[in-house]
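*Asks:* Once you've had a glance at the structure underneath, I'll fire off some questions.
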Amino acid sequence: MEEHVSPEVTLRQVVGGNGVRLAVRVAGPQDAPAIVLVHGWAQSSAAWSAQLTDPSLTSRYRLAAVDLRGHGASDVPDIAGGYDDPRAWADDIQAVIDLVGRPAVLVGWSYGGAVIADYLRIHGDADLAGIVFVGASTEIGRDRPGARIGPAMRAAMPDALAEDAEVAASAFIGFARAMSATRLSGAVEQRVVGDSLRVPRQVRKALLRRDVDNAEVLSAITVPTLVAHGRLDAVIDPLAATYAHGKIPGAELRWFDEVGHMPFAERTEEFDEMLLGFAHREAET
């Protein structure tokens with residue numbers, strides 16, 4: 001399947017782990033080095049809209065932003081459909097890399113960092129040019145140092161998992177506003193809330209029930225890695241970035257001052273310059 005969702009972006013489909021069909025937004029030249037963008041919990045590939053339409057990136061790189069299983073326009077397998085299986089997540093990411101080419105730069109935001117860790121656990125980093133963790137949780141579970149949450153995430157629970165739609169919607173409105181250190185546009189806030197509510201409640205719950213220690217996975221990374229985090233992130237505690245940076249050999253740490261959980265939306269130009277510089281250094285050498 002190929003569908004043009006804008007003049008710059010095409011919607012493609014791949015088959016990931018357990019036969020799950022995944023929607024992928026693709027932009028940039030077909031033969032260019034690949035950057036794969038992985039969104040966070042209860043979001044979608046639309047989170048990366050600014051990057052997918054930035055000519056400074058798409059003129060030089062093949063960008064692919066995937067809707068994770070159970071999210072966006074991808075299939076929603078039932079609760080036994082791999083949400084607690086590292087191999088299922090790993091094979092999902094492998095399918096996207098197969099689509100756009102290797103070696104790829106993997107970029108994981110929030111829960112997307114844990115998905116990248118799933119990929120590394122199963123497939124290693126031989127097909128990667130580099131990794132960027134953005135406001136990322138690299139582990140999952142209570143008391144995991146790579147999964148430290150901030151006050152915004154604590155405030156959203158348990159209402160964000162409520163069966164009552166009004167209760168869940170109210171929780172996600174507050175959550176969307178707390179993602180940024182400064183107020184996002186109404187259009188972005190509404191997209192964040194809409195994407196959250198589109199993810200079925202059982203999927204939201206399943207992702208948070210996992211308990212994953214990735215200390216050894218992070219320590220085994222051999223490709224260049226950049227850990228980027230907003231100093232005012234109220235969703236994933238900045239201490240999670242410090243932990244990942246300390247575990248990953250040779251990792252670079254980049255702080256975004258006066259920025260919350262979404263540096264790619266709050267400081268788009270600065271973020272894109274950072275990503276462009278990293279990709280140029282690692283994917284083109």
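Ligands are numbered from 1 in the order shown, residues from 1 within each chain, and chains are lettered A, B, ... in the order they appear in the structure tokens.
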Please report, as JSON lines, each residue of segment 82-194 of chain A lying at most 7 Å from segment 32-54 of chain A, together with the nearest pair of atoms and the separation in Å rounded to one decimal; use only C-alpha atoms, and order rows by chain and ascending residue number.
*Replies:*
{"residue": "A:Val100", "atom": "CA", "partner": "A:Ala34", "partner_atom": "CA", "distance": 6.0}
{"residue": "A:Gly101", "atom": "CA", "partner": "A:Ala34", "partner_atom": "CA", "distance": 6.1}
{"residue": "A:Arg102", "atom": "CA", "partner": "A:Ala34", "partner_atom": "CA", "distance": 6.7}
{"residue": "A:Ala104", "atom": "CA", "partner": "A:Ala34", "partner_atom": "CA", "distance": 4.8}
{"residue": "A:Val105", "atom": "CA", "partner": "A:Ile35", "partner_atom": "CA", "distance": 4.7}
{"residue": "A:Leu106", "atom": "CA", "partner": "A:Val36", "partner_atom": "CA", "distance": 5.0}
{"residue": "A:Val107", "atom": "CA", "partner": "A:Leu37", "partner_atom": "CA", "distance": 4.9}
{"residue": "A:Gly108", "atom": "CA", "partner": "A:Val38", "partner_atom": "CA", "distance": 4.7}
{"residue": "A:Trp109", "atom": "CA", "partner": "A:His39", "partner_atom": "CA", "distance": 5.3}
{"residue": "A:Ser110", "atom": "CA", "partner": "A:Gly40", "partner_atom": "CA", "distance": 4.8}
{"residue": "A:Tyr111", "atom": "CA", "partner": "A:Gly40", "partner_atom": "CA", "distance": 4.4}
{"residue": "A:Gly112", "atom": "CA", "partner": "A:Gly40", "partner_atom": "CA", "distance": 4.9}
{"residue": "A:Val192", "atom": "CA", "partner": "A:Gln43", "partner_atom": "CA", "distance": 6.6}
*Asks:* Include all heavy atoms and write out the residues we just selected as a compact mmCIF listing (two decimals), in the first residue's frame.
*Replies:*
# COMPACT_ATOMS: atom_id res chain seq x y z
N VAL A 100 13.34 0.96 4.42
CA VAL A 100 14.07 2.17 4.02
C VAL A 100 15.57 1.96 3.86
O VAL A 100 16.26 2.84 3.35
CB VAL A 100 13.81 3.31 5.03
CG1 VAL A 100 12.36 3.74 4.95
CG2 VAL A 100 14.18 2.92 6.45
N GLY A 101 16.09 0.83 4.31
CA GLY A 101 17.50 0.54 4.05
C GLY A 101 18.38 0.65 5.29
O GLY A 101 18.02 1.27 6.29
N ARG A 102 19.52 0.03 5.21
CA ARG A 102 20.49 -0.01 6.30
C ARG A 102 21.86 0.41 5.79
O ARG A 102 22.10 0.35 4.59
CB ARG A 102 20.54 -1.43 6.90
CG ARG A 102 20.77 -2.54 5.87
CD ARG A 102 20.78 -3.92 6.48
NE ARG A 102 19.59 -4.25 7.23
CZ ARG A 102 18.42 -4.63 6.69
NH1 ARG A 102 18.30 -4.68 5.35
NH2 ARG A 102 17.40 -4.95 7.44
N ALA A 104 20.78 2.23 9.36
CA ALA A 104 19.84 3.29 9.68
C ALA A 104 20.20 3.95 11.01
O ALA A 104 20.79 3.33 11.88
CB ALA A 104 18.42 2.73 9.76
N VAL A 105 19.83 5.21 11.12
CA VAL A 105 19.86 5.89 12.41
C VAL A 105 18.49 5.69 13.05
O VAL A 105 17.47 6.02 12.45
CB VAL A 105 20.17 7.38 12.26
CG1 VAL A 105 19.98 8.12 13.59
CG2 VAL A 105 21.59 7.60 11.74
N LEU A 106 18.45 5.13 14.26
CA LEU A 106 17.20 4.95 14.99
C LEU A 106 17.02 6.09 15.97
O LEU A 106 17.94 6.41 16.75
CB LEU A 106 17.21 3.63 15.77
CG LEU A 106 16.93 2.32 15.04
CD1 LEU A 106 16.83 1.18 16.04
CD2 LEU A 106 15.66 2.42 14.22
N VAL A 107 15.83 6.70 15.96
CA VAL A 107 15.51 7.80 16.87
C VAL A 107 14.29 7.39 17.67
O VAL A 107 13.22 7.14 17.10
CB VAL A 107 15.23 9.10 16.09
CG1 VAL A 107 14.96 10.26 17.06
CG2 VAL A 107 16.39 9.44 15.16
N GLY A 108 14.42 7.31 19.00
CA GLY A 108 13.31 6.88 19.84
C GLY A 108 12.93 7.93 20.86
O GLY A 108 13.77 8.37 21.64
N TRP A 109 11.67 8.34 20.83
CA TRP A 109 11.14 9.32 21.79
C TRP A 109 10.33 8.61 22.87
O TRP A 109 9.51 7.76 22.56
CB TRP A 109 10.25 10.32 21.05
CG TRP A 109 9.44 11.21 21.94
CD1 TRP A 109 9.88 11.94 23.01
CD2 TRP A 109 8.03 11.47 21.84
NE1 TRP A 109 8.83 12.65 23.58
CE2 TRP A 109 7.69 12.37 22.88
CE3 TRP A 109 7.03 11.03 20.97
CZ2 TRP A 109 6.39 12.83 23.07
CZ3 TRP A 109 5.74 11.48 21.17
CH2 TRP A 109 5.43 12.38 22.20
N SER A 110 10.58 8.94 24.13
CA SER A 110 9.77 8.47 25.25
C SER A 110 9.76 6.94 25.27
O SER A 110 10.82 6.31 25.30
CB SER A 110 8.36 9.07 25.15
OG SER A 110 7.69 9.03 26.39
N TYR A 111 8.57 6.30 25.21
CA TYR A 111 8.50 4.84 25.20
C TYR A 111 9.22 4.25 23.98
O TYR A 111 9.65 3.10 24.00
CB TYR A 111 7.03 4.41 25.19
CG TYR A 111 6.76 2.97 25.59
CD1 TYR A 111 6.40 2.66 26.89
CD2 TYR A 111 6.83 1.95 24.66
CE1 TYR A 111 6.12 1.35 27.27
CE2 TYR A 111 6.56 0.63 25.03
CZ TYR A 111 6.21 0.34 26.33
OH TYR A 111 5.94 -0.95 26.70
N GLY A 112 9.38 5.05 22.94
CA GLY A 112 10.12 4.59 21.77
C GLY A 112 11.55 4.21 22.09
O GLY A 112 12.16 3.38 21.40
N VAL A 192 -2.18 15.50 19.98
CA VAL A 192 -1.65 14.64 21.04
C VAL A 192 -2.78 13.96 21.78
O VAL A 192 -2.75 12.74 22.02
CB VAL A 192 -0.77 15.46 22.01
CG1 VAL A 192 -0.43 14.65 23.25
CG2 VAL A 192 0.52 15.92 21.31
*Asks:* List as a PyMOL selection string the protein and nucleic acid residues near Pro145 of chain A, meaning an atom at most 10 Å away when only C-alpha atoms are counted, but skip any in the same chain fewer than 4 places from it.
*Replies:* chain A and resi 137-141+149+213-215+237+239-244
*Asks:* What would the file look like if the residues just selected were written as an mmCIF file, in the first residue's frame with N, CA and C atoms?
*Replies:*
data_model
loop_
_atom_site.group_PDB
_atom_site.id
_atom_site.type_symbol
_atom_site.label_atom_id
_atom_site.label_comp_id
_atom_site.auth_asym_id
_atom_site.auth_seq_id
_atom_site.Cartn_x
_atom_site.Cartn_y
_atom_site.Cartn_z
ATOM 1 N N SER A 137 12.550 6.848 27.741
ATOM 2 C CA SER A 137 12.602 5.790 28.734
ATOM 3 C C SER A 137 13.284 4.603 28.066
ATOM 4 N N THR A 138 14.416 4.185 28.608
ATOM 5 C CA THR A 138 15.134 3.055 28.009
ATOM 6 C C THR A 138 14.835 1.744 28.723
ATOM 7 N N GLU A 139 14.058 1.817 29.801
ATOM 8 C CA GLU A 139 13.599 0.634 30.518
ATOM 9 C C GLU A 139 12.108 0.801 30.796
ATOM 10 N N ILE A 140 11.493 -0.232 31.346
ATOM 11 C CA ILE A 140 10.070 -0.175 31.685
ATOM 12 C C ILE A 140 9.879 -0.819 33.044
ATOM 13 N N GLY A 141 9.083 -0.181 33.885
ATOM 14 C CA GLY A 141 8.756 -0.799 35.160
ATOM 15 C C GLY A 141 9.039 0.099 36.353
ATOM 16 N N ILE A 149 9.792 8.262 35.900
ATOM 17 C CA ILE A 149 8.773 9.163 35.361
ATOM 18 C C ILE A 149 8.740 10.452 36.165
ATOM 19 N N ASP A 213 14.419 -4.739 32.465
ATOM 20 C CA ASP A 213 15.728 -4.229 32.856
ATOM 21 C C ASP A 213 16.626 -4.271 31.620
ATOM 22 N N ASN A 214 17.068 -3.095 31.163
ATOM 23 C CA ASN A 214 17.884 -3.039 29.942
ATOM 24 C C ASN A 214 19.322 -2.617 30.206
ATOM 25 N N ALA A 215 19.797 -2.758 31.430
ATOM 26 C CA ALA A 215 21.163 -2.335 31.746
ATOM 27 C C ALA A 215 22.186 -3.018 30.838
ATOM 28 N N ASP A 237 11.643 11.643 33.726
ATOM 29 C CA ASP A 237 12.581 12.376 34.563
ATOM 30 C C ASP A 237 13.941 12.487 33.874
ATOM 31 N N LEU A 239 16.684 12.327 35.060
ATOM 32 C CA LEU A 239 17.598 11.327 35.614
ATOM 33 C C LEU A 239 17.644 10.059 34.767
ATOM 34 N N ALA A 240 16.565 9.781 34.018
ATOM 35 C CA ALA A 240 16.574 8.629 33.116
ATOM 36 C C ALA A 240 17.599 8.830 32.005
ATOM 37 N N ALA A 241 17.746 10.075 31.548
ATOM 38 C CA ALA A 241 18.758 10.374 30.531
ATOM 39 C C ALA A 241 20.160 10.221 31.094
ATOM 40 N N THR A 242 20.351 10.698 32.307
ATOM 41 C CA THR A 242 21.653 10.560 32.953
ATOM 42 C C THR A 242 22.024 9.093 33.104
ATOM 43 N N TYR A 243 21.042 8.270 33.465
ATOM 44 C CA TYR A 243 21.283 6.834 33.614
ATOM 45 C C TYR A 243 21.693 6.210 32.279
ATOM 46 N N ALA A 244 20.919 6.472 31.211
ATOM 47 C CA ALA A 244 21.227 5.890 29.903
ATOM 48 C C ALA A 244 22.610 6.338 29.428
#
*Asks:* Work out how far apart atom CA of Glu282 of chain A and atom CA of Ile221 of chain A are and give it in Å to one decimal.
*Replies:* 14.6 Å
*Asks:* Would you list, as a list in words, the residues of segment 46-151 of chain A that end up in strand (DSSP E or B) under DSSP run on this structure's backbone?
*Replies:*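 So, restricting segment 46-151 of chain A to strand (DSSP E or B), we get Arg62, Leu63, Ala64, Ala65, Val66, Ala104, Val105, Leu106, Val107, Gly108, Trp109, Leu128, Ala129, Gly130, Ile131, Val132, Phe133, Val134, Ile140 and Ile149 of chain A.
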*Asks:* Report as a PyMOL selection string all protein, DNA and RNA residues lying within 7 Å of Arg87 of chain A, evaluated on only C-alpha atoms, omitting residues in the same chain fewer than 2 positions from it.
*Replies:* chain A and resi 85+89-91+118+122
*Asks:* Extract the full set of alpha helix (DSSP H) residues from segment 39-194 of chain A according to DSSP on the backbone, and format it as a PyMOL selection string.
*Replies:* chain A and resi 49-52+55-58+86-100+112-123+151-156+165-178+186-194
